[in-house]
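So this block is my_file-v1.txt, compact mmCIF, C-alpha atoms:
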```txt
# COMPACT_ATOMS: atom_id res chain seq x y z
CA MET A 1 -14.73 -16.58 1.50
CA ARG A 2 -11.44 -16.57 -0.42
CA CYS A 3 -9.24 -13.66 0.72
CA ALA A 4 -6.55 -11.81 -1.18
CA ILE A 5 -4.49 -10.19 1.55
CA TYR A 6 -2.36 -7.22 0.57
CA LEU A 7 0.62 -6.29 2.73
CA ARG A 8 2.93 -3.37 2.01
CA VAL A 9 5.72 -1.45 3.63
CA SER A 10 7.62 1.43 2.06
CA THR A 11 11.21 0.42 2.75
CA ASN A 12 13.32 -2.64 3.34
CA LYS A 13 14.53 -1.37 6.74
CA GLU A 14 14.61 -3.85 9.60
CA GLU A 15 11.73 -2.24 11.52
CA GLN A 16 9.59 -2.45 8.40
CA LYS A 17 10.19 -6.21 8.16
CA SER A 18 8.59 -6.68 11.56
CA SER A 19 5.65 -4.58 10.34
CA LEU A 20 5.06 -7.12 7.57
CA GLU A 21 5.05 -9.92 10.12
CA ASN A 22 2.65 -7.98 12.36
CA GLN A 23 0.32 -7.30 9.43
CA ARG A 24 0.36 -10.99 8.48
CA ASP A 25 -0.50 -11.99 12.09
CA LEU A 26 -3.39 -9.50 12.17
CA PHE A 27 -4.88 -11.04 9.07
CA TYR A 28 -4.50 -14.62 10.23
CA ARG A 29 -6.46 -13.69 13.36
CA TYR A 30 -9.06 -11.74 11.39
CA ILE A 31 -9.82 -14.45 8.84
CA GLY A 32 -9.55 -17.15 11.50
CA ASP A 33 -12.29 -15.45 13.52
CA LYS A 34 -14.49 -15.36 10.42
CA GLY A 35 -13.71 -18.87 9.18
CA TRP A 36 -12.45 -17.53 5.85
CA ASP A 37 -9.61 -18.88 3.68
CA VAL A 38 -6.40 -17.26 2.47
CA HIS A 39 -6.23 -17.23 -1.30
CA GLU A 40 -2.83 -15.54 -1.25
CA PHE A 41 -0.72 -12.97 0.56
CA TYR A 42 0.40 -10.26 -1.88
CA VAL A 43 3.43 -8.50 -0.42
CA ASP A 44 5.26 -5.44 -1.72
CA VAL A 45 8.14 -3.45 -0.28
CA GLU A 46 7.55 -0.27 -2.27
CA THR A 47 6.00 3.15 -2.03
CA GLY A 48 2.23 3.20 -2.22
CA THR A 49 2.20 6.13 -4.65
CA THR A 50 2.91 3.97 -7.71
CA ASP A 51 1.11 1.10 -9.35
CA LYS A 52 4.43 -0.39 -10.48
CA ARG A 53 4.43 -2.96 -7.69
CA ALA A 54 4.74 -6.60 -8.74
CA SER A 55 2.40 -8.04 -6.11
CA LEU A 56 -0.19 -5.29 -6.58
CA GLN A 57 -0.21 -5.95 -10.32
CA ARG A 58 -0.64 -9.68 -9.66
CA LEU A 59 -3.51 -8.91 -7.24
CA ILE A 60 -5.21 -6.76 -9.90
CA SER A 61 -4.75 -9.48 -12.52
CA ASP A 62 -6.14 -12.13 -10.16
CA ALA A 63 -9.08 -9.86 -9.30
CA LYS A 64 -9.94 -9.56 -12.98
CA GLN A 65 -9.97 -13.37 -13.12
CA ARG A 66 -12.15 -13.50 -9.97
CA ASN A 67 -9.68 -15.73 -8.14
CA PHE A 68 -10.89 -14.46 -4.75
CA ASP A 69 -13.92 -12.88 -3.11
CA VAL A 70 -12.45 -10.13 -0.96
CA ILE A 71 -9.35 -7.91 -0.80
CA LEU A 72 -8.11 -7.32 2.73
CA ALA A 73 -5.67 -4.53 3.63
CA LYS A 74 -4.65 -3.03 6.96
CA GLU A 75 -5.84 0.35 5.69
CA LEU A 76 -6.53 1.88 2.31
CA SER A 77 -3.07 3.50 2.24
CA ARG A 78 -1.50 0.04 2.07
CA LEU A 79 -3.19 -0.50 -1.30
CA ALA A 80 -2.62 2.99 -2.67
CA ARG A 81 -1.45 6.44 -1.67
CA ASN A 82 -2.79 8.19 -4.71
CA GLY A 83 -6.43 8.81 -5.53
CA LYS A 84 -6.35 7.62 -9.12
CA LEU A 85 -4.90 4.23 -8.20
CA SER A 86 -7.29 3.89 -5.24
CA TYR A 87 -10.25 4.38 -7.55
CA GLU A 88 -8.83 2.00 -10.16
CA ILE A 89 -8.53 -0.76 -7.55
CA ARG A 90 -12.02 -0.03 -6.25
CA ASP A 91 -13.51 -0.08 -9.76
CA ILE A 92 -11.81 -3.38 -10.64
CA ALA A 93 -13.15 -4.89 -7.42
CA LEU A 94 -16.69 -3.58 -8.07
CA THR A 95 -16.71 -4.76 -11.67
CA ASN A 96 -15.68 -8.26 -10.60
CA GLY A 97 -17.92 -8.60 -7.55
CA ILE A 98 -15.02 -8.45 -5.09
CA HIS A 99 -15.30 -6.77 -1.72
CA ILE A 100 -12.67 -4.53 -0.11
CA ILE A 101 -12.19 -4.56 3.64
CA THR A 102 -9.66 -2.53 5.60
CA LEU A 103 -8.88 -3.58 9.16
CA ASP A 104 -9.13 0.02 10.38
CA ASN A 105 -12.87 -0.23 9.51
CA ALA A 106 -12.71 2.72 7.12
CA VAL A 107 -13.82 0.60 4.17
CA ASN A 108 -15.92 -2.56 4.27
CA THR A 109 -17.96 -3.01 1.12
CA MET A 110 -19.37 -6.25 2.49
CA GLU A 111 -21.13 -4.25 5.22
CA GLY A 112 -21.92 -1.31 2.94
CA ARG A 113 -19.21 0.95 4.37
CA SER A 114 -17.74 2.59 1.31
CA GLU A 115 -19.26 6.07 1.49
CA ASN A 116 -15.97 7.51 2.80
CA PHE A 117 -13.77 5.73 0.27
CA GLY A 118 -13.05 8.95 -1.65
CA LEU A 119 -12.29 10.84 1.54
CA TYR A 120 -9.74 8.26 2.67
CA ALA A 121 -8.19 8.05 -0.80
CA TRP A 122 -7.78 11.85 -0.78
CA LEU A 123 -6.43 11.93 2.79
CA TYR A 124 -3.78 9.30 2.11
CA GLU A 125 -2.70 11.05 -1.07
CA GLN A 126 -2.41 14.36 0.82
CA GLU A 127 -0.48 12.67 3.63
CA SER A 128 1.97 11.23 1.12
CA GLN A 129 2.47 14.63 -0.55
CA ARG A 130 2.96 16.40 2.80
CA THR A 131 5.49 13.80 3.93
CA SER A 132 7.42 14.24 0.70
CA GLU A 133 7.39 18.03 1.06
CA ARG A 134 8.56 17.85 4.70
CA ILE A 135 11.45 15.59 3.80
CA LYS A 136 12.51 17.82 0.91
CA SER A 137 12.20 20.93 3.07
CA SER A 138 14.17 19.40 5.91
CA PHE A 139 16.85 18.22 3.54
CA ALA A 140 17.11 21.63 1.89
CA SER A 141 17.19 23.58 5.17
CA LYS A 142 20.04 21.49 6.54
CA HIS A 143 22.20 22.35 3.57
CA VAL A 144 21.45 26.01 2.86
CA GLY A 145 24.60 27.95 2.05
CA GLY A 146 26.88 24.95 2.13
CA SER A 147 28.08 22.37 -0.28
CA LEU A 148 25.99 19.27 -0.37
CA ARG A 149 27.38 15.99 -1.57
CA VAL A 150 24.95 13.29 -2.56
CA LEU A 151 26.12 9.81 -3.40
CA PHE A 152 23.94 7.52 -5.46
CA LEU A 153 24.86 3.88 -5.84
CA LEU A 154 23.45 2.23 -8.92
CA THR A 155 24.47 -1.42 -9.05
CA ASP A 156 28.22 -1.23 -9.76
CA MET A 157 28.23 2.41 -10.85
CA MET A 158 28.67 5.47 -8.68
CA LEU A 159 27.40 8.98 -9.31
CA LEU A 160 28.57 11.85 -7.13
CA MET A 161 26.60 15.08 -7.26
CA GLU A 162 27.63 18.32 -5.59
CA PHE A 163 25.31 21.27 -5.07
```

Now that the file is in, can you turn its structure into structure tokens?
Amino acid sequence: MRCAIYLRVSTNKEEQKSSLENQRDLFYRYIGDKGWDVHEFYVDVETGTTDKRASLQRLISDAKQRNFDVILAKELSRLARNGKLSYEIRDIALTNGIHIITLDNAVNTMEGRSENFGLYAWLYEQESQRTSERIKSSFASKHVGGSLRVLFLLTDMMLLMEF
């Protein structure tokens, strides 16, 4: 069984780097126990709400070429945190005879466990939206009535915004 293994973290912070290593170790153990082969590790350090991730796009392209037999992810939210993208990935896999397995056992098309796919896709999208709203709310509440200075660094340019 040729495995496409998808790893993702949201930020490039130091603690997230160790998460990538931990995810990689989990998969080596998982496929080792099954006697399967690694086709490739696809790794992104990006939000899961967008499909504009280089490794995810490469995984999708390779799936369409049937370069592997199964997509492995720690959980569905590693692949996608929006329902539309989750379904697109699922449909590409189905069309090309590729299984999807998440290590949290939520999805395993090889064993016929896909009945809750839509539920998990919806839950992860909701979780992402709630997290975004909490961050915005927290940010706004800390700066009510005062002047807020936000500094954005874009390559060699600087933009200062005051509210």

Might you pull out every residue within 9 Å of Gln23 in chain A, with all atoms listed in the file counted and same-chain residues fewer than 3 positions away left off, and present them as a PyMOL selection string?
chain A and resi 7-8+18-20+26-28+73-74

Provide the CA of Glu40 in chain A to CA of Asn12 in chain A distance in Å, to one decimal place.
21.2 Å

Can you find the residues with an atom no farther than 8 Å from (-4.1, -4.8, -5.8), counting all atoms listed in the file, and report them as a PyMOL selection string?
chain A and resi 6+55-60+63+71+79+89

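Atom pair CA of Tyr87 in chain A / CA of Arg113 in chain A has a distance of 15.3 Å (rounded to one decimal).
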
Would you compute the distance between CA of Asp37 in chain A and CA of Gln65 in chain A? Give it in Å to one decimal.
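Between these atoms lies a distance of 17.7 Å.
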
Box for range 14-31 of chain A - axis-aligned, 8 Å on each of the six sides, all listed atoms - centre and size in Å to one decimal, as AutoDock Vina command-line options.
```
--center_x 2.4 --center_y -8.4 --center_z 10.5 --size_x 40.4 --size_y 28.4 --size_z 21.8
```

Find, counting only C-alpha atoms, the residue in A:Arg66, A:Arg90, A:Arg78, A:Lys84 that gets nearest to Val43 in chain A.
A:Arg78

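Distances here use only C-alpha atoms; by that measure, the residue among A:Val70, A:Phe41, A:Glu14, A:Asn116 closest to Ile100 in chain A is A:Val70.
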
Can you tell me, as an mmCIF file with C-alpha atoms, in the coordinates of the input, which residues sit within 12 Å of (-21.1, -6.5, 4.6) in the file's frame, using all atoms listed in the file?
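As written to disk, part-v3.cif reads:
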```cif
data_model
loop_
_atom_site.group_PDB
_atom_site.id
_atom_site.type_symbol
_atom_site.label_atom_id
_atom_site.label_comp_id
_atom_site.auth_asym_id
_atom_site.auth_seq_id
_atom_site.Cartn_x
_atom_site.Cartn_y
_atom_site.Cartn_z
ATOM 1 C CA VAL A 70 -12.450 -10.130 -0.960
ATOM 2 C CA ILE A 98 -15.020 -8.450 -5.090
ATOM 3 C CA HIS A 99 -15.300 -6.770 -1.720
ATOM 4 C CA ILE A 100 -12.670 -4.530 -0.110
ATOM 5 C CA ILE A 101 -12.190 -4.560 3.640
ATOM 6 C CA ASN A 105 -12.870 -0.230 9.510
ATOM 7 C CA VAL A 107 -13.820 0.600 4.170
ATOM 8 C CA ASN A 108 -15.920 -2.560 4.270
ATOM 9 C CA THR A 109 -17.960 -3.010 1.120
ATOM 10 C CA MET A 110 -19.370 -6.250 2.490
ATOM 11 C CA GLU A 111 -21.130 -4.250 5.220
ATOM 12 C CA GLY A 112 -21.920 -1.310 2.940
ATOM 13 C CA ARG A 113 -19.210 0.950 4.370
ATOM 14 C CA SER A 114 -17.740 2.590 1.310
#
```

All heavy atoms are needed for range 73-84 of chain A; please write them out as a PDB file, in the coordinates of the input.
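Contents of out.pdb, freshly written:
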```pdb
ATOM      1  N   ALA A  73      -6.863  -5.357   3.425  1.00  0.00           N
ATOM      2  CA  ALA A  73      -5.670  -4.530   3.630  1.00  0.00           C
ATOM      3  C   ALA A  73      -5.776  -3.917   5.021  1.00  0.00           C
ATOM      4  O   ALA A  73      -6.882  -3.713   5.541  1.00  0.00           O
ATOM      5  CB  ALA A  73      -5.559  -3.443   2.575  1.00  0.00           C
ATOM      6  N   LYS A  74      -4.643  -3.632   5.621  1.00  0.00           N
ATOM      7  CA  LYS A  74      -4.650  -3.030   6.960  1.00  0.00           C
ATOM      8  C   LYS A  74      -5.409  -1.703   6.934  1.00  0.00           C
ATOM      9  O   LYS A  74      -6.195  -1.395   7.816  1.00  0.00           O
ATOM     10  CB  LYS A  74      -3.231  -2.851   7.455  1.00  0.00           C
ATOM     11  CG  LYS A  74      -3.139  -2.334   8.858  1.00  0.00           C
ATOM     12  CD  LYS A  74      -1.691  -2.225   9.304  1.00  0.00           C
ATOM     13  CE  LYS A  74      -1.612  -1.544  10.647  1.00  0.00           C
ATOM     14  NZ  LYS A  74      -0.243  -1.117  10.946  1.00  0.00           N
ATOM     15  N   GLU A  75      -5.133  -0.906   5.931  1.00  0.00           N
ATOM     16  CA  GLU A  75      -5.840   0.350   5.690  1.00  0.00           C
ATOM     17  C   GLU A  75      -5.716   0.657   4.209  1.00  0.00           C
ATOM     18  O   GLU A  75      -4.913   0.045   3.504  1.00  0.00           O
ATOM     19  CB  GLU A  75      -5.282   1.490   6.553  1.00  0.00           C
ATOM     20  CG  GLU A  75      -3.810   1.743   6.363  1.00  0.00           C
ATOM     21  CD  GLU A  75      -3.243   2.767   7.335  1.00  0.00           C
ATOM     22  OE1 GLU A  75      -3.731   2.876   8.466  1.00  0.00           O
ATOM     23  OE2 GLU A  75      -2.307   3.462   6.930  1.00  0.00           O
ATOM     24  N   LEU A  76      -6.523   1.573   3.731  1.00  0.00           N
ATOM     25  CA  LEU A  76      -6.530   1.880   2.310  1.00  0.00           C
ATOM     26  C   LEU A  76      -5.155   2.333   1.808  1.00  0.00           C
ATOM     27  O   LEU A  76      -4.764   2.037   0.687  1.00  0.00           O
ATOM     28  CB  LEU A  76      -7.588   2.944   1.997  1.00  0.00           C
ATOM     29  CG  LEU A  76      -7.856   3.217   0.529  1.00  0.00           C
ATOM     30  CD1 LEU A  76      -8.308   1.954  -0.211  1.00  0.00           C
ATOM     31  CD2 LEU A  76      -8.902   4.311   0.383  1.00  0.00           C
ATOM     32  N   SER A  77      -4.383   3.007   2.658  1.00  0.00           N
ATOM     33  CA  SER A  77      -3.070   3.500   2.240  1.00  0.00           C
ATOM     34  C   SER A  77      -2.100   2.368   1.937  1.00  0.00           C
ATOM     35  O   SER A  77      -1.104   2.585   1.256  1.00  0.00           O
ATOM     36  CB  SER A  77      -2.463   4.404   3.312  1.00  0.00           C
ATOM     37  OG  SER A  77      -2.075   3.660   4.447  1.00  0.00           O
ATOM     38  N   ARG A  78      -2.357   1.165   2.431  1.00  0.00           N
ATOM     39  CA  ARG A  78      -1.500   0.040   2.070  1.00  0.00           C
ATOM     40  C   ARG A  78      -1.693  -0.315   0.612  1.00  0.00           C
ATOM     41  O   ARG A  78      -0.746  -0.680  -0.073  1.00  0.00           O
ATOM     42  CB  ARG A  78      -1.797  -1.202   2.934  1.00  0.00           C
ATOM     43  CG  ARG A  78      -1.554  -1.061   4.424  1.00  0.00           C
ATOM     44  CD  ARG A  78      -0.114  -0.743   4.796  1.00  0.00           C
ATOM     45  NE  ARG A  78       0.124   0.688   4.774  1.00  0.00           N
ATOM     46  CZ  ARG A  78       1.311   1.275   4.656  1.00  0.00           C
ATOM     47  NH1 ARG A  78       2.400   0.565   4.555  1.00  0.00           N
ATOM     48  NH2 ARG A  78       1.429   2.575   4.652  1.00  0.00           N
ATOM     49  N   LEU A  79      -2.925  -0.214   0.114  1.00  0.00           N
ATOM     50  CA  LEU A  79      -3.190  -0.500  -1.300  1.00  0.00           C
ATOM     51  C   LEU A  79      -2.698   0.624  -2.193  1.00  0.00           C
ATOM     52  O   LEU A  79      -2.087   0.372  -3.227  1.00  0.00           O
ATOM     53  CB  LEU A  79      -4.699  -0.700  -1.529  1.00  0.00           C
ATOM     54  CG  LEU A  79      -5.283  -2.026  -1.078  1.00  0.00           C
ATOM     55  CD1 LEU A  79      -6.801  -1.985  -1.128  1.00  0.00           C
ATOM     56  CD2 LEU A  79      -4.753  -3.161  -1.938  1.00  0.00           C
ATOM     57  N   ALA A  80      -2.981   1.864  -1.809  1.00  0.00           N
ATOM     58  CA  ALA A  80      -2.620   2.990  -2.670  1.00  0.00           C
ATOM     59  C   ALA A  80      -2.531   4.270  -1.870  1.00  0.00           C
ATOM     60  O   ALA A  80      -3.311   4.487  -0.947  1.00  0.00           O
ATOM     61  CB  ALA A  80      -3.643   3.149  -3.789  1.00  0.00           C
ATOM     62  N   ARG A  81      -1.584   5.107  -2.270  1.00  0.00           N
ATOM     63  CA  ARG A  81      -1.450   6.440  -1.670  1.00  0.00           C
ATOM     64  C   ARG A  81      -1.645   7.514  -2.721  1.00  0.00           C
ATOM     65  O   ARG A  81      -1.132   8.607  -2.608  1.00  0.00           O
ATOM     66  CB  ARG A  81      -0.072   6.593  -1.013  1.00  0.00           C
ATOM     67  CG  ARG A  81       0.008   5.911   0.332  1.00  0.00           C
ATOM     68  CD  ARG A  81       1.311   6.313   1.014  1.00  0.00           C
ATOM     69  NE  ARG A  81       1.344   5.852   2.376  1.00  0.00           N
ATOM     70  CZ  ARG A  81       0.988   6.566   3.419  1.00  0.00           C
ATOM     71  NH1 ARG A  81       0.549   7.794   3.261  1.00  0.00           N
ATOM     72  NH2 ARG A  81       1.068   6.079   4.626  1.00  0.00           N
ATOM     73  N   ASN A  82      -2.367   7.160  -3.770  1.00  0.00           N
ATOM     74  CA  ASN A  82      -2.790   8.190  -4.710  1.00  0.00           C
ATOM     75  C   ASN A  82      -4.223   7.887  -5.135  1.00  0.00           C
ATOM     76  O   ASN A  82      -4.624   6.736  -5.263  1.00  0.00           O
ATOM     77  CB  ASN A  82      -1.810   8.381  -5.875  1.00  0.00           C
ATOM     78  CG  ASN A  82      -1.954   7.374  -6.985  1.00  0.00           C
ATOM     79  OD1 ASN A  82      -3.026   7.183  -7.539  1.00  0.00           O
ATOM     80  ND2 ASN A  82      -0.856   6.725  -7.333  1.00  0.00           N
ATOM     81  N   GLY A  83      -4.997   8.942  -5.289  1.00  0.00           N
ATOM     82  CA  GLY A  83      -6.430   8.810  -5.530  1.00  0.00           C
ATOM     83  C   GLY A  83      -6.765   8.020  -6.775  1.00  0.00           C
ATOM     84  O   GLY A  83      -7.640   7.149  -6.752  1.00  0.00           O
ATOM     85  N   LYS A  84      -6.061   8.297  -7.851  1.00  0.00           N
ATOM     86  CA  LYS A  84      -6.350   7.620  -9.120  1.00  0.00           C
ATOM     87  C   LYS A  84      -6.215   6.113  -8.965  1.00  0.00           C
ATOM     88  O   LYS A  84      -7.105   5.352  -9.368  1.00  0.00           O
ATOM     89  CB  LYS A  84      -5.414   8.145 -10.209  1.00  0.00           C
ATOM     90  CG  LYS A  84      -5.638   7.533 -11.572  1.00  0.00           C
ATOM     91  CD  LYS A  84      -4.704   8.175 -12.600  1.00  0.00           C
ATOM     92  CE  LYS A  84      -4.915   7.618 -13.984  1.00  0.00           C
ATOM     93  NZ  LYS A  84      -4.166   6.395 -14.226  1.00  0.00           N
TER      94      LYS A  84
END
```
